[in-house]
Amino acid sequence: MKAAVLYEPGQPLRVEDVQLSPPQAGEVLVRVGAAGVCHSDYHVMHGDMAAPLPAVLGHEGAGVVEQVGPGVTSAGPGDHVVLLWRTSCGHCEYCSVGRPALCPVGTVMRGSGLLADGTSRLRRNDLEIRHFAGVSCFAEHTVCAEQAVLKIPEDVPMPIAAVVGCAVMTGVGAVVNTARVEPGSTVLVIGAGGVGLCAIMGAVLAGAARIIAADVNPAKLELATSFGATDVVDSSHEDVVDAVRELTGGGVDYAFEVIGLTHTVEQAVRAVRVGGTAVAVGIVPTGTTAQVNVQQLVMQEKTLKGSIYGSTRPQADFPRLFELYRRGRLPLDRLLTREWPLDRINEAYDALLAGTVARSVVVP
Ligand SMILES: [Zn+2]
Ligand SMILES: [Zn+2]
């Protein structure tokens, strides 16, 4: 099958033929319907985030199950599924307390680039190729753990299901699950790319009274307004913190950093009012640290927290997100601005980095 392989950071993806072995016990074979062009893969391509290489990248996907290995009970051939890039076991301490995104089973898989039994299903001739995030969906097919797929309604288009599988869950979940934004509150979203727009949609769903979007790109701010931002700050020539304080008379209740830069994380903490919460969502390069005024954190009871994969509880959250989409309350058709064939994946990343697409998908 055709797949997009990364051999070394700094190199383009190579779309080439690789061999995929059939699913083993507890695994499923999925024909990929669509795969989202997400920044997280780019962090690996660029070397900001380590992953075992060579690997087939792609972690935001959806498809149709074609075959299952022995013992698989939750999905069967013909089922439409969303791919979950944080595989969880369902019975460890984190899974038991409703925080499966922190499950160590998925962490081991992501760290090794191997499936649960410690082996790979991907090869190119004699060379073993790793699975990225247990998903590897920049490919025509993927084999992944049963726990990495979740059945979805068949009427949801594959590109929509794919972006719900990462960007939407991450952005909406940061607002609704991680921060638990309350109706009537004030929200700042720094970074109006794909995930940032999803955070804005999440703030609309949560009933935020005021949603301020900050970005350096005026076109993205226009898009942010169309998704529900009530105010915008062009941070290319305005200080975000000053602007937010002026707009709100002291700061927002919740600030979301959705870029992955040190200074914007610091801005998020400074932009929240007394008692407010700043949430770091963007992925920063490994080892990055930020400066926080700790005395203010204490005296003003501010909170700084991280959010990964929208603190998802997949079995509860994904059906809700798909239902909100079907009822028109998550305007995801407008988020998806382009589809690419797999062999143009490097161009798709160029477009993402240039900011000419909010979110696009590869259709293998
Ligand atoms: Zn992603
Ligand atoms: Zn677990």
# chains A, B, ... in the order shown; residues from 1 in each chain; ligands from 1

$ residues_around --residues "range 118-126 of chain A" --least-positions-apart "2" --cutoff "6 Å" --atoms "only C-alpha atoms" --output "list in words"
Val18, Gln19, Leu20, Ser21, Leu114, Leu115, Ala116, Glu128 and Ile129 of chain A

$ residues_around --residues "range 245-258 of chain A" --least-positions-apart "2" --cutoff "7 Å" --atoms "only C-alpha atoms" --output "ChimeraX atom specification"
/A:185-191,195-196,241-243,260,264-265,268,271-273,276-282

$ closest_atom_pairs --of "chain A" --to "ligand 2" --cutoff "8 Å" --atoms "only C-alpha atoms and all ligand atoms" --output "JSON lines"
{"residue": "A:Ser88", "atom": "CA", "partner": "ligand 2", "partner_atom_place_in_ligand_line": "1 (Zn)", "distance": 4.6}
{"residue": "A:Cys89", "atom": "CA", "partner": "ligand 2", "partner_atom_place_in_ligand_line": "1 (Zn)", "distance": 3.9}
{"residue": "A:Gly90", "atom": "CA", "partner": "ligand 2", "partner_atom_place_in_ligand_line": "1 (Zn)", "distance": 4.8}
{"residue": "A:His91", "atom": "CA", "partner": "ligand 2", "partner_atom_place_in_ligand_line": "1 (Zn)", "distance": 5.2}
{"residue": "A:Cys92", "atom": "CA", "partner": "ligand 2", "partner_atom_place_in_ligand_line": "1 (Zn)", "distance": 4.0}
{"residue": "A:Glu93", "atom": "CA", "partner": "ligand 2", "partner_atom_place_in_ligand_line": "1 (Zn)", "distance": 6.6}
{"residue": "A:Tyr94", "atom": "CA", "partner": "ligand 2", "partner_atom_place_in_ligand_line": "1 (Zn)", "distance": 5.7}
{"residue": "A:Cys95", "atom": "CA", "partner": "ligand 2", "partner_atom_place_in_ligand_line": "1 (Zn)", "distance": 4.4}
{"residue": "A:Ser96", "atom": "CA", "partner": "ligand 2", "partner_atom_place_in_ligand_line": "1 (Zn)", "distance": 7.3}
{"residue": "A:Pro100", "atom": "CA", "partner": "ligand 2", "partner_atom_place_in_ligand_line": "1 (Zn)", "distance": 5.8}
{"residue": "A:Leu102", "atom": "CA", "partner": "ligand 2", "partner_atom_place_in_ligand_line": "1 (Zn)", "distance": 7.5}
{"residue": "A:Cys103", "atom": "CA", "partner": "ligand 2", "partner_atom_place_in_ligand_line": "1 (Zn)", "distance": 4.0}
{"residue": "A:Pro104", "atom": "CA", "partner": "ligand 2", "partner_atom_place_in_ligand_line": "1 (Zn)", "distance": 6.1}
{"residue": "A:Val105", "atom": "CA", "partner": "ligand 2", "partner_atom_place_in_ligand_line": "1 (Zn)", "distance": 6.0}
{"residue": "A:Gly106", "atom": "CA", "partner": "ligand 2", "partner_atom_place_in_ligand_line": "1 (Zn)", "distance": 7.7}

$ write_last_selection --atoms "all heavy atoms" --output "mmCIF file, in the first residue's frame"
data_model
loop_
_atom_site.group_PDB
_atom_site.id
_atom_site.type_symbol
_atom_site.label_atom_id
_atom_site.label_comp_id
_atom_site.auth_asym_id
_atom_site.auth_seq_id
_atom_site.Cartn_x
_atom_site.Cartn_y
_atom_site.Cartn_z
ATOM 1 N N SER A 88 -6.055 3.923 24.986
ATOM 2 C CA SER A 88 -6.175 3.720 26.429
ATOM 3 C C SER A 88 -6.650 2.293 26.704
ATOM 4 O O SER A 88 -7.337 1.694 25.891
ATOM 5 C CB SER A 88 -7.138 4.752 27.018
ATOM 6 O OG SER A 88 -8.357 4.740 26.309
ATOM 7 N N CYS A 89 -6.253 1.777 27.870
ATOM 8 C CA CYS A 89 -6.499 0.357 28.155
ATOM 9 C C CYS A 89 -7.879 0.092 28.724
ATOM 10 O O CYS A 89 -8.402 -1.004 28.646
ATOM 11 C CB CYS A 89 -5.433 -0.166 29.119
ATOM 12 S SG CYS A 89 -5.623 0.461 30.808
ATOM 13 N N GLY A 90 -8.474 1.114 29.345
ATOM 14 C CA GLY A 90 -9.819 0.947 29.895
ATOM 15 C C GLY A 90 -9.852 0.467 31.336
ATOM 16 O O GLY A 90 -10.924 0.424 31.937
ATOM 17 N N HIS A 91 -8.714 0.084 31.902
ATOM 18 C CA HIS A 91 -8.793 -0.383 33.291
ATOM 19 C C HIS A 91 -7.639 0.023 34.205
ATOM 20 O O HIS A 91 -7.579 -0.437 35.327
ATOM 21 C CB HIS A 91 -9.011 -1.907 33.341
ATOM 22 C CG HIS A 91 -8.191 -2.653 32.347
ATOM 23 N ND1 HIS A 91 -8.725 -3.182 31.193
ATOM 24 C CD2 HIS A 91 -6.887 -2.917 32.314
ATOM 25 C CE1 HIS A 91 -7.757 -3.752 30.493
ATOM 26 N NE2 HIS A 91 -6.646 -3.606 31.142
ATOM 27 N N CYS A 92 -6.744 0.901 33.745
ATOM 28 C CA CYS A 92 -5.690 1.372 34.661
ATOM 29 C C CYS A 92 -6.274 2.457 35.571
ATOM 30 O O CYS A 92 -7.454 2.807 35.467
ATOM 31 C CB CYS A 92 -4.499 1.916 33.874
ATOM 32 S SG CYS A 92 -4.844 3.487 33.053
ATOM 33 N N GLU A 93 -5.439 3.007 36.427
ATOM 34 C CA GLU A 93 -5.921 4.034 37.357
ATOM 35 C C GLU A 93 -6.483 5.248 36.604
ATOM 36 O O GLU A 93 -7.563 5.740 36.918
ATOM 37 C CB GLU A 93 -4.772 4.461 38.275
ATOM 38 C CG GLU A 93 -5.203 5.487 39.302
ATOM 39 C CD GLU A 93 -4.044 5.972 40.170
ATOM 40 O OE1 GLU A 93 -2.974 5.330 40.160
ATOM 41 O OE2 GLU A 93 -4.230 7.004 40.840
ATOM 42 N N TYR A 94 -5.743 5.745 35.599
ATOM 43 C CA TYR A 94 -6.206 6.926 34.867
ATOM 44 C C TYR A 94 -7.493 6.638 34.103
ATOM 45 O O TYR A 94 -8.412 7.453 34.077
ATOM 46 C CB TYR A 94 -5.118 7.437 33.915
ATOM 47 C CG TYR A 94 -3.995 8.132 34.652
ATOM 48 C CD1 TYR A 94 -2.729 7.562 34.747
ATOM 49 C CD2 TYR A 94 -4.218 9.356 35.263
ATOM 50 C CE1 TYR A 94 -1.713 8.197 35.447
ATOM 51 C CE2 TYR A 94 -3.208 10.006 35.953
ATOM 52 C CZ TYR A 94 -1.949 9.434 36.046
ATOM 53 O OH TYR A 94 -0.957 10.069 36.727
ATOM 54 N N CYS A 95 -7.546 5.468 33.466
ATOM 55 C CA CYS A 95 -8.777 5.116 32.751
ATOM 56 C C CYS A 95 -9.940 5.029 33.730
ATOM 57 O O CYS A 95 -11.048 5.473 33.440
ATOM 58 C CB CYS A 95 -8.595 3.794 32.002
ATOM 59 S SG CYS A 95 -7.544 3.949 30.539
ATOM 60 N N SER A 96 -9.678 4.468 34.908
ATOM 61 C CA SER A 96 -10.740 4.254 35.887
ATOM 62 C C SER A 96 -11.307 5.559 36.441
ATOM 63 O O SER A 96 -12.469 5.618 36.805
ATOM 64 C CB SER A 96 -10.237 3.404 37.057
ATOM 65 O OG SER A 96 -9.753 2.182 36.567
ATOM 66 N N PRO A 100 -8.678 8.875 30.458
ATOM 67 C CA PRO A 100 -7.991 7.908 29.595
ATOM 68 C C PRO A 100 -6.919 8.525 28.701
ATOM 69 O O PRO A 100 -6.037 7.797 28.239
ATOM 70 C CB PRO A 100 -9.122 7.293 28.760
ATOM 71 C CG PRO A 100 -10.217 8.312 28.794
ATOM 72 C CD PRO A 100 -10.114 8.968 30.143
ATOM 73 N N LEU A 102 -4.561 10.071 29.621
ATOM 74 C CA LEU A 102 -3.290 9.956 30.348
ATOM 75 C C LEU A 102 -2.876 8.494 30.548
ATOM 76 O O LEU A 102 -1.901 8.215 31.246
ATOM 77 C CB LEU A 102 -3.414 10.648 31.720
ATOM 78 C CG LEU A 102 -3.849 12.121 31.674
ATOM 79 C CD1 LEU A 102 -3.939 12.694 33.083
ATOM 80 C CD2 LEU A 102 -2.887 12.952 30.831
ATOM 81 N N CYS A 103 -3.581 7.563 29.926
ATOM 82 C CA CYS A 103 -3.305 6.128 30.117
ATOM 83 C C CYS A 103 -1.867 5.775 29.711
ATOM 84 O O CYS A 103 -1.427 6.109 28.619
ATOM 85 C CB CYS A 103 -4.287 5.294 29.290
ATOM 86 S SG CYS A 103 -3.960 3.522 29.376
ATOM 87 N N PRO A 104 -1.135 5.087 30.602
ATOM 88 C CA PRO A 104 0.263 4.748 30.286
ATOM 89 C C PRO A 104 0.410 3.750 29.132
ATOM 90 O O PRO A 104 1.458 3.716 28.493
ATOM 91 C CB PRO A 104 0.791 4.149 31.592
ATOM 92 C CG PRO A 104 -0.403 3.806 32.403
ATOM 93 C CD PRO A 104 -1.517 4.701 31.963
ATOM 94 N N VAL A 105 -0.615 2.977 28.842
ATOM 95 C CA VAL A 105 -0.513 2.018 27.734
ATOM 96 C C VAL A 105 -0.289 2.755 26.414
ATOM 97 O O VAL A 105 0.576 2.403 25.613
ATOM 98 C CB VAL A 105 -1.787 1.134 27.663
ATOM 99 C CG1 VAL A 105 -1.813 0.313 26.390
ATOM 100 C CG2 VAL A 105 -1.864 0.226 28.887
ATOM 101 N N GLY A 106 -1.072 3.825 26.221
ATOM 102 C CA GLY A 106 -0.906 4.633 25.016
ATOM 103 C C GLY A 106 0.447 5.331 25.004
ATOM 104 O O GLY A 106 1.074 5.478 23.949
#

$ residues_near_ligand --ligand "ligand 1" --cutoff "10 Å" --atoms "only C-alpha atoms and all ligand atoms" --output "PyMOL selection string"
chain A and resi 35-42+58-61+85+162-170+194-195+283+309

$ residues_around --residues "Val135 in chain A" --least-positions-apart "3" --cutoff "9 Å" --atoms "only C-alpha atoms" --output "PDB file with C-alpha atoms, in the first residue's frame"
ATOM      1  CA  VAL A  56       4.293   6.346   8.782  1.00  0.00           C
ATOM      2  CA  LEU A  57       2.908   9.616  10.153  1.00  0.00           C
ATOM      3  CA  GLY A  58      -0.732  10.695  10.478  1.00  0.00           C
ATOM      4  CA  HIS A  59      -2.762  10.545  13.671  1.00  0.00           C
ATOM      5  CA  GLU A  60      -6.025  12.344  12.879  1.00  0.00           C
ATOM      6  CA  GLY A  61      -8.101   9.926  10.871  1.00  0.00           C
ATOM      7  CA  LEU A  83      -9.056   6.694  15.005  1.00  0.00           C
ATOM      8  CA  LEU A  84      -7.950   7.595  18.533  1.00  0.00           C
ATOM      9  CA  TRP A  85      -4.314   8.618  18.788  1.00  0.00           C
ATOM     10  CA  ARG A  86      -4.152   8.241  22.544  1.00  0.00           C
ATOM     11  CA  HIS A 131       3.572   3.325  13.805  1.00  0.00           C
ATOM     12  CA  PHE A 132       3.090   6.981  14.708  1.00  0.00           C
ATOM     13  CA  PHE A 138      -1.179   8.923   6.177  1.00  0.00           C
ATOM     14  CA  THR A 142      -3.637   1.066   8.909  1.00  0.00           C
ATOM     15  CA  VAL A 143      -3.512  -1.681  11.519  1.00  0.00           C
ATOM     16  CA  CYS A 144      -4.110  -0.437  15.042  1.00  0.00           C
ATOM     17  CA  ALA A 145      -5.226  -1.598  18.463  1.00  0.00           C
ATOM     18  CA  ALA A 148      -7.646   2.957  19.000  1.00  0.00           C
TER      19      ALA A 148
END

$ atom_distance --atom1 "CA of Val15 in chain A" --atom2 "CA of Glu27 in chain A"
24.5 Å
